[in-house]
Every structure is written in C-alpha cells, then in structure tokens.
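**Student:** Pasting a structure below so you can have a look.
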Protein chains: 2
Amino acid sequence: MSQPIDIAVIGATGTVGETLVQILEERDFPVGNLHLLASSESAGSSVPFRGKNVRVREVDAYDFSKVKLAFFAAGPAVTLSFADRAHAAGCSLIDLSGALPAERAPQVVPEANAGVLDGLKAPFQVGSPSPSATTLAVALAPLRGLLDLQSVHVTASLAVSALGREAVTELARQTAELLNMRPLEPSFFDRQIAFNLLAQVGAPDADGHTSLEKRLVRELRQVLANPSVKISATCIQAPVFFGDSFSVTLRSADAVDLKKVNAALERAPGIELVEAGDYPTAVGDAVGQDVVYVGRVRGGVDEPAELNLWLTSDNVRKGAALNAVQVAELLIKGLL
Amino acid sequence: MSQPIDIAVIGATGTVGETLVQILEERDFPVGNLHLLASSESAGSSVPFRGKNVRVREVDAYDFSKVKLAFFAAGPAVTLSFADRAHAAGCSLIDLSGALPAERAPQVVPEANAGVLDGLKAPFQVGSPSPSATTLAVALAPLRGLLDLQSVHVTASLAVSALGREAVTELARQTAELLNMRPLEPSFFDRQIAFNLLAQVGAPDADGHTSLEKRLVRELRQVLANPSVKISATCIQAPVFFGDSFSVTLRSADAVDLKKVNAALERAPGIELVEAGDYPTAVGDAVGQDVVYVGRVRGGVDEPAELNLWLTSDNVRKGAALNAVQVAELLIKGLL
C-alpha cells in the first residue's frame with residue numbers, strides 16, 4: 001500500500017465535498033490526516049470518515065503547510081481566496097470550481113488527457129472540470145481517432161442537486177404543492193421548476209451565455225486538446241433530483257463508421273455502453289455509479305457524417321468528486 | 001361572415017381532437033354541421049360545441065360525402081384507413097397524423113409556407129405537421145432571408161400529454177408514489193418518468209431513429225423548402241404534463257447578425273419573443289397560448305456563424321389543433 005498522504009478538503013459540507021470524502025474512503029485512498037474545511041457558517045459540523053466523525057474547521061485561518069494535497073470543492077470565490085496561499089505553502093491542489101486559468105491549473109479527466117499530468121511539477125495545480133465537461137470528455141475521448149471532429153452540439157439537462165440541498169428541497173416542495181392542488185409560491189428558483197424545464201442555469205452574460213455553458217465549451221476544448229472544434233452548449237434545468245442527461249450531436253468531416261464507434265465505446269474506460277434500442281436514464285442507471293452511460297448511438301437521418309449520443313452520469317460522483325479523486329490517484333507518486 | 005361549411009373531426013375524443021373542436025368554436029370558424037367521429041371504442045361519448053353536446057359516432061360506416069372538410073386527428077392507421085374514402089367522396093382533408101406522403105398532402109404551417117396551398121385543387125389534401133416540426137417552422141421561417149442555413153440541431157423535450165391521458169395520469173401517479181416514499185411499479189411508460197428524462201419517445205428503427213424524429217426532419221425540410229439542410233433531431237420525454245421545449249442550434253454559412261435576427265423574430269407572426277436575459281417555459285408561458293415563445297436568442301461561444309434559440313409551445317394547441325384550423329381558415333374560400 002502507498003504511503004499515506006495528509007489531505008485537506010475545502011467545501012467539505014457541500015454535496016460534492018461530502019461525496020469526495022466518501023469516495024476517498026471507498027477507494028481506499030492512502031489518506032493520512034484528513035482536514036475538513038469550510039466557510040465560517042458551515043464550520044463546526046462533522047462528516048463521517050472511516051467510522052469516525054471528522055470535525056469541519058474554518059478555512060480562513062488554515063495553515064496549508066499541514067497537508068500535501070488540498071481539494072477545492074467549494075465555489076470559485078473560495079478557490080480564488082485560498083489557492084495562492086495553499087500553493088505558496090507547498091501544497092498541491094485539485095480545484096473543482098473552474099476558477100483557475102488552464103495555464104495555471106490544466107483541467108484533467110483521466111480517461112481523456114491523463115498525459116497532461118506528466119508535464120506538471122510539484123506542488124501540482126490541476127483542475128477537475130465541470131460535471132458536464134467531465135462527462136462529455138469521458139464519452140468523446142475514445143472517438144478521437146475515429147472522427148475528424150468538426151462540431152459538437154450539446155443540450156445538457158442538469159439535476160437540481162448541482163445547486164445544493166435547498167434546490168432539492170424546493171423541487172420536492174413545489175411538486176407536492178402542485179399534486180395537492182395548492183397555489184405555488186416559488187422560492188430558490190424564480191419560477192416553477194416542478195413539471196417544467198428552465199432554459200438556463202444561472203444568470204447569462206451580455207452575450208446570453210451562462211458561466212456553466214462557457215465553462216463547458218472552454219474545458220471540453222482543452223481536455224480534448226482540440227481548441228478549434230465548434231461547440232454549442234445549452235445547459236437547462238430539469239425537474240430531476242440527481243443525475244445529468246446529455247443529448248449530443250457530433251459532426252465529422254467524413255462519414256462515421258458506427259461499428260467502429262460502438263466498438264471503441266464498448267472498450268473505453270469509464271463508460272457503460274447500453275445496447276441498441278435501449279437507453280440509459282439519470283435516475284435508473286447513472287445515479288450512484290462511477291461510469292458514464294452511453295446510449296442511442298446512431299447516425300443522422302440521411303446524414304452519414306453525423307453521430308448522435310445520449311449520455312447520463314451522476315453529476316456529483318463521476319461528474320465531480322470521483323474525477324477529482326481519480327486525478328489525485330495519478331498524482332500520488334509525485335507527492336511522496 | 002363566411003358561408004358555413006359542414007365538417008367532420010376524426011379522433012374527436014382524443015386530446016387534440018377535443019381541442020380542435022374547441023378552437024373551431026373560439027375562432028368562430030364557419031361550421032355548419034359538425035360530425036364527430038372516432039373508433040368504435042370511443043363512439044357514444046359526447047364533446048361540447050357551441051353550448052351543446054355533440055355525440056361522437058363510429059367512423060367505420062361514415063359517409064364522407066356529407067361534409068366538405070374532414071380533420072384527421074387520430075393516429076396514422078386511421079388516416080390510412082379512411083383518407084382514400086374521404087377523398088373519393090369529394091371531401092377535403094387536413095391530416096394531423098403524418099401518414100400521407102408530401103406528394104399527396106404537403107405539410108403546411110401558415111406562418112411558413114402558406115403559398116403551397118395556392119398550388120392545390122379541391123378536394124384538398126393537406127398535412128398539418130407534428131407539433132415539433134410546426135413549432136420549429138414557425139420560429140425558423142422568419143430567419144430564412146437572414147441565414148444561409150447549413151444545419152439545424154434540435155433537442156425536443158416533449159410533454160407526456162402528447163401520448164394521451166393515460167400518460168398524464170401515470171406521471172402524476174408515479175410522482176405521488178415517489179413523494180410518499182412508496183416503491184414504484186411503472187405502468188404505461190416502461191420505466192420511471194417522474195423526476196427523470198427518457199431518451200426516446202416510441203420505439204426506434206434499425207438505425208436508432210424514432211418515427212417522431214424522422215417525421216420532424218422530413219416535415220421541417222419540406223415546410224422550409226430546404227431539402228438539403230442538415231437536421232439532427234432528438235426527441236426526449238420530459239416529466240412535464242403540457243407544453244414542449246426546444247433547444248435549437250442553427251449554423252449559417254456566414255456570421256449571424258443578432259440584431260437582425262431579433263428584429264425579424266419580433267415582427268414575425270405566431271411568435272412571442274421573450275426579452276434577453278429572461279426565457280419562456282412550457283408551463284409558465286406556452287400552455288394554453290396560440291403562439292410559439294422564443295427566448296435565449298444568442299450566438300455561439302467564439303462562433304459567429306452559430307445561432308441558439310430556446311422555444312416553447314403548447315403541443316396540443318399551436319403544435320397541432322390550432323395549426324390545422326389555421327390551414328382550414330386559408331382553405332375556406334376554395335371550399336365554397
């Protein structure tokens with residue numbers, strides 16, 4: 001077994017942070033001391049790890065020289081506030097917030113671009129992409145040799161759990177109100193999410209794009225090492241508690257060989273290919289699982305250079321916490 | 001006021017058929033005698049029209065020479081069984097099932113290709129496209145002069161009401177079971193639809209496409225009079241009772257002028273353009289309305305030749321019944 005490494009998890013009380021701690025335990029990651037950190041509001045609570053409750057402390061006064069590796073699983077503002085201090089203290093960091101530029105912390109999805117890590121030096125700074133970019137990277141990486149990829153079109157239907165526990169509670173509350181024929185007074189969401197679809201997640205910029213959509217485009221181009229590929233991204237909010245679903249259309253320069261595509265997806269790591277005619281769903285397949293489910297593999301209608309896919313993944317596990325731990329597993333040797 | 005016309009509605013007990021009768025009344029369509037027809041199982045019930053209950057009769061033995069115009073609002077099998085007889089009896093027909101080839105009954109969306117009707121002779125045979133194709137045609141028609149359209153990418157999230165009342169009941173039942181923590185035994189749908197998304201609506205063919213998706217591609221190409229445009233279509237089932245939502249990406253050969261696009265959508269018939277930053281939803285905007293709502297009008301991320309739109313429409317009204325009545329309104333003069 002590897003020598004244990006002291007680790008900090010920032011944002012330990014959030015959905016992703018808690019799952020990250022759980023995955024470190026599940027995968028028997030060589031954790032020495034585990035320091036759980038959060039903002040002052042969340043500090044004081046505790047999170048279970050290896051049969052004990054680990055107390056969550058305030059991140060503000062934390063001395064990062066106490067650990068070799070820190071996972072930043074809170075928002076971009078927290079990463080921007082503490083990443084420099086962690087780095088200066090010689091602590092490697094894996095950031096899940098998307099706050100750091102690729103030149104400083106390249107985004108890595110082990111199934112797609114693990115090789116990027118070879119070019120880095122300790123203390124490492126690595127990004128773990130958004131759940132959507134991670135899922136797409138896992139599914140598209142095995143197709144790189146088969147398609148002369150011109151464009152990627154994605155409609156990502158995201159679960160409310162990505163917005164935290166309040167969003168989960170609100171979807172349940174709204175649904176119960178409507179089923180009981182009571183008038184709806186939305187909270188958290190600015191309108192009805194139950195039995196409805198919301199066209200955007202978060203506020204759009206002046207050009208109409210949300211930060212999730214821009215992050216998806218930027219990170220997917222970087223992870224696929226294909227800076228010129230055209231990517232259209234629409235991230236919508238579905239009335240689903242857990243698990244993201246992706247409707248994906250790819251255009252190649254040439255006709256797509258569907259047999260080769262199926263064979264490549266079948267043998268690719270991190271993917272479960274669902275048989276033709278059937279399809280995966282977020283709730284029925286992806287939730288709680290460590291793989292990206294791929295189904296509805298089909299060409300275009302009268303369009304041989306088109307490839308369509310349907311993906312589902314657990315936005316908290318494979319989309320976020322697990323990918324960060326997989327990156328850490330690859331970094332272990334360099335940390336010792 | 002126009003001279004009244006005797007009319008038959010086949011499939012009068014279905015969601016679309018009932019709404020069609022209601023819209024004939026709302027729009028003061030010059031109906032003389034109204035004959036409501038259905039399969040033997042549904043015959044005998046009645047549907048309200050102008051303050052009276054009209055009895056629904058069996059279609060099997062119906063003499064189509066009694067009416068000048070018949071709406072076929074049942075499934076493709078019913079259209080295929082009775083369209084020849086109706087035509088031979090000199091009865092014009094508007095088919096909503098997609099069963100008839102374009103050469104016999106061209107698909108018409110008045111906002112997009114009303115001119116097609118000028119080339120037809122009585123007794124007329126016209127198709128009213130699928131709700132998805134109708135919605136897309138209304139939204140894309142005003143952009144024809146502005147874009148050199150290369151490709152259209154659509155993910156259509158469809159309401160369960162398109163599958164009839166059983167589907168509506170089942171979504172409500174599954175949702176209530178889950179909220180009450182009772183184990184789920186799906187019926188009607190082959191799996192959980194509550195708080196989930198299903199990747200296909202209906203069975204796919206050997207190539208993986210569903211008939212809804214093929215119909216969307218075929219009809220949209222025909223209505224836009226653009227047989228060579230590349231269209232990728234994915235129709236998914238959303239846990240939404242009423243109203244369809246569409247995530248649409250268009251690619252033009254040249255840079256898209258967003259100001260001109262907004263201006264064209266603003267003045268186009270049948271469209272309600274939602275202001276930038278906001279967006280329409282199926283439940284909050286489209287349901288019960290006669291227009292297609294368009295929002296999230298935006299270019300691509302670093303891609304000037306891309307145009308993204310979000311559409312919502314009432315699948316039963318604007319998507320189906322209303323469009324058929326609008327076609328009938330254009331045909332009236334030729335029927336007298």
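All residue names refer to the structure tokens as shown: chains lettered A, B, ... in order, residues numbered from 1 in each chain, ligands numbered from 1 in order.
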Could you pull out the strand (DSSP E) residues of segment 70-218 of chain A, going by DSSP on the backbone, and write them as a PyMOL selection string?
**Tutor:** chain A and resi 70-72+92-95+125-127+149-158
**Student:** Could those residues be written to a file, using N, CA, C and O atoms, as a PDB file, in the first residue's frame?
**Tutor:**
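The new file out.pdb reads:
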ATOM      1  N   ALA A  70      -4.659  19.473  -1.362  1.00  0.00           N
ATOM      2  CA  ALA A  70      -5.954  20.056  -0.981  1.00  0.00           C
ATOM      3  C   ALA A  70      -6.922  19.960  -2.158  1.00  0.00           C
ATOM      4  O   ALA A  70      -6.568  20.304  -3.290  1.00  0.00           O
ATOM      5  N   PHE A  71      -8.128  19.472  -1.868  1.00  0.00           N
ATOM      6  CA  PHE A  71      -9.209  19.500  -2.855  1.00  0.00           C
ATOM      7  C   PHE A  71     -10.034  20.763  -2.612  1.00  0.00           C
ATOM      8  O   PHE A  71     -10.540  20.966  -1.504  1.00  0.00           O
ATOM      9  N   PHE A  72     -10.180  21.594  -3.614  1.00  0.00           N
ATOM     10  CA  PHE A  72     -11.051  22.775  -3.510  1.00  0.00           C
ATOM     11  C   PHE A  72     -12.407  22.439  -4.104  1.00  0.00           C
ATOM     12  O   PHE A  72     -12.607  22.481  -5.315  1.00  0.00           O
ATOM     13  N   SER A  92      -0.069  20.792  -2.966  1.00  0.00           N
ATOM     14  CA  SER A  92      -0.667  20.586  -4.286  1.00  0.00           C
ATOM     15  C   SER A  92      -2.174  20.775  -4.178  1.00  0.00           C
ATOM     16  O   SER A  92      -2.748  20.570  -3.102  1.00  0.00           O
ATOM     17  N   LEU A  93      -2.795  21.181  -5.285  1.00  0.00           N
ATOM     18  CA  LEU A  93      -4.238  21.396  -5.188  1.00  0.00           C
ATOM     19  C   LEU A  93      -4.968  20.884  -6.428  1.00  0.00           C
ATOM     20  O   LEU A  93      -4.447  20.932  -7.548  1.00  0.00           O
ATOM     21  N   ILE A  94      -6.160  20.365  -6.182  1.00  0.00           N
ATOM     22  CA  ILE A  94      -7.068  19.967  -7.249  1.00  0.00           C
ATOM     23  C   ILE A  94      -8.320  20.808  -7.081  1.00  0.00           C
ATOM     24  O   ILE A  94      -9.005  20.724  -6.064  1.00  0.00           O
ATOM     25  N   ASP A  95      -8.562  21.661  -8.077  1.00  0.00           N
ATOM     26  CA  ASP A  95      -9.658  22.620  -7.978  1.00  0.00           C
ATOM     27  C   ASP A  95     -10.863  22.146  -8.788  1.00  0.00           C
ATOM     28  O   ASP A  95     -10.752  21.855  -9.970  1.00  0.00           O
ATOM     29  N   GLN A 125      -0.895  21.838  -9.567  1.00  0.00           N
ATOM     30  CA  GLN A 125      -2.155  22.591  -9.613  1.00  0.00           C
ATOM     31  C   GLN A 125      -2.956  22.060 -10.797  1.00  0.00           C
ATOM     32  O   GLN A 125      -2.544  22.236 -11.948  1.00  0.00           O
ATOM     33  N   VAL A 126      -4.050  21.370 -10.492  1.00  0.00           N
ATOM     34  CA  VAL A 126      -4.839  20.707 -11.526  1.00  0.00           C
ATOM     35  C   VAL A 126      -6.299  21.086 -11.358  1.00  0.00           C
ATOM     36  O   VAL A 126      -6.781  21.252 -10.232  1.00  0.00           O
ATOM     37  N   GLY A 127      -7.005  21.206 -12.481  1.00  0.00           N
ATOM     38  CA  GLY A 127      -8.439  21.443 -12.432  1.00  0.00           C
ATOM     39  C   GLY A 127      -9.209  20.160 -12.704  1.00  0.00           C
ATOM     40  O   GLY A 127      -8.780  19.325 -13.515  1.00  0.00           O
ATOM     41  N   LEU A 149     -13.406  15.483 -36.023  1.00  0.00           N
ATOM     42  CA  LEU A 149     -14.470  16.208 -35.339  1.00  0.00           C
ATOM     43  C   LEU A 149     -14.532  17.680 -35.751  1.00  0.00           C
ATOM     44  O   LEU A 149     -13.587  18.437 -35.550  1.00  0.00           O
ATOM     45  N   GLN A 150     -15.680  18.087 -36.325  1.00  0.00           N
ATOM     46  CA  GLN A 150     -15.877  19.472 -36.739  1.00  0.00           C
ATOM     47  C   GLN A 150     -16.682  20.262 -35.712  1.00  0.00           C
ATOM     48  O   GLN A 150     -16.387  21.403 -35.435  1.00  0.00           O
ATOM     49  N   SER A 151     -17.720  19.629 -35.181  1.00  0.00           N
ATOM     50  CA  SER A 151     -18.559  20.347 -34.221  1.00  0.00           C
ATOM     51  C   SER A 151     -19.237  19.395 -33.252  1.00  0.00           C
ATOM     52  O   SER A 151     -19.459  18.224 -33.555  1.00  0.00           O
ATOM     53  N   VAL A 152     -19.511  19.948 -32.078  1.00  0.00           N
ATOM     54  CA  VAL A 152     -20.181  19.223 -31.001  1.00  0.00           C
ATOM     55  C   VAL A 152     -21.370  20.078 -30.578  1.00  0.00           C
ATOM     56  O   VAL A 152     -21.198  21.275 -30.311  1.00  0.00           O
ATOM     57  N   HIS A 153     -22.549  19.481 -30.521  1.00  0.00           N
ATOM     58  CA  HIS A 153     -23.751  20.197 -30.092  1.00  0.00           C
ATOM     59  C   HIS A 153     -24.316  19.482 -28.883  1.00  0.00           C
ATOM     60  O   HIS A 153     -24.634  18.301 -28.965  1.00  0.00           O
ATOM     61  N   VAL A 154     -24.418  20.206 -27.789  1.00  0.00           N
ATOM     62  CA  VAL A 154     -24.846  19.580 -26.539  1.00  0.00           C
ATOM     63  C   VAL A 154     -26.023  20.325 -25.944  1.00  0.00           C
ATOM     64  O   VAL A 154     -25.978  21.547 -25.798  1.00  0.00           O
ATOM     65  N   THR A 155     -27.058  19.587 -25.586  1.00  0.00           N
ATOM     66  CA  THR A 155     -28.059  20.104 -24.668  1.00  0.00           C
ATOM     67  C   THR A 155     -27.942  19.267 -23.401  1.00  0.00           C
ATOM     68  O   THR A 155     -28.180  18.055 -23.426  1.00  0.00           O
ATOM     69  N   ALA A 156     -27.509  19.923 -22.320  1.00  0.00           N
ATOM     70  CA  ALA A 156     -27.296  19.242 -21.047  1.00  0.00           C
ATOM     71  C   ALA A 156     -28.480  19.542 -20.132  1.00  0.00           C
ATOM     72  O   ALA A 156     -28.746  20.702 -19.836  1.00  0.00           O
ATOM     73  N   SER A 157     -29.178  18.497 -19.714  1.00  0.00           N
ATOM     74  CA  SER A 157     -30.313  18.660 -18.793  1.00  0.00           C
ATOM     75  C   SER A 157     -29.812  18.314 -17.394  1.00  0.00           C
ATOM     76  O   SER A 157     -29.549  17.155 -17.093  1.00  0.00           O
ATOM     77  N   LEU A 158     -29.671  19.348 -16.572  1.00  0.00           N
ATOM     78  CA  LEU A 158     -28.972  19.183 -15.295  1.00  0.00           C
ATOM     79  C   LEU A 158     -29.932  18.963 -14.132  1.00  0.00           C
ATOM     80  O   LEU A 158     -31.019  19.532 -14.073  1.00  0.00           O
TER      81      LEU A 158
END
**Student:** Skipping near chain neighbours, those fewer than 2 positions away, what residues fall within 7 Å of segment 22-29 of chain A using only C-alpha atoms, listed as JSON, numbers by chain?
**Tutor:** {"A": [18, 19, 20, 31, 49, 50, 322, 325]}
**Student:** What are the closest atom pairs, with distances in Å to one decimal, for each residue of chain A lying within 7 Å of chain B, using only C-alpha atoms, rows by chain and rising residue number, as a tab-separated table?
**Tutor:**
residue	atom	partner	partner_atom	distance
A:Thr155	CA	B:Ser247	CA	6.8
A:Phe195	CA	B:Val240	CA	4.3
A:Asn196	CA	B:Val240	CA	5.5
A:Leu197	CA	B:Thr281	CA	6.5
A:Leu198	CA	B:Thr281	CA	6.3
A:Ala199	CA	B:Tyr279	CA	6.4
A:Pro204	CA	B:Gly277	CA	6.3
A:Asp207	CA	B:Arg298	CA	6.4
A:Gly208	CA	B:Arg298	CA	5.5
A:Lys214	CA	B:Val301	CA	6.8
A:Ser232	CA	B:Gly300	CA	6.2
A:Pro239	CA	B:Phe195	CA	5.7
A:Val240	CA	B:Phe195	CA	4.3
A:Phe241	CA	B:Phe195	CA	6.5
A:Ser247	CA	B:Thr155	CA	6.8
A:Gly277	CA	B:Pro204	CA	6.3
A:Tyr279	CA	B:Ala199	CA	6.4
A:Thr281	CA	B:Leu198	CA	6.3
A:Ala282	CA	B:Asn196	CA	6.5
A:Val283	CA	B:Asn196	CA	5.9
A:Arg296	CA	B:Gly208	CA	6.5
A:Arg298	CA	B:Gly208	CA	5.5
A:Gly300	CA	B:Ser232	CA	6.2
A:Val301	CA	B:Lys214	CA	6.8
A:Trp310	CA	B:Ala199	CA	6.9
**Student:** Can you list, as a PyMOL selection string, all residues belonging to segment 140-278 of chain B that DSSP tags as helix (DSSP H, G or I)?
**Tutor:** chain B and resi 140-143+160-163+165-179+211-223+258-267
**Student:** Calculate how many Å separate atom CA of Pro110 of chain B from atom CA of Val21 of chain B, rounding to one decimal.
**Tutor:**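 About the pair atom CA of Pro110 of chain B and atom CA of Val21 of chain B: they are 19.2 Å apart.
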**Student:** Excluding Pro142 of chain A and its own-chain neighbours fewer than 4 positions away, which residues fall within 9 Å of it when counting only C-alpha atoms? Please give them as a list in words.
**Tutor:**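 Residues meeting the cut-off are Glu111, Ala112, Ala137, Val138, Leu146, Val261, Ala264, Leu265, Arg267, Ala268 and Pro269 of chain A.
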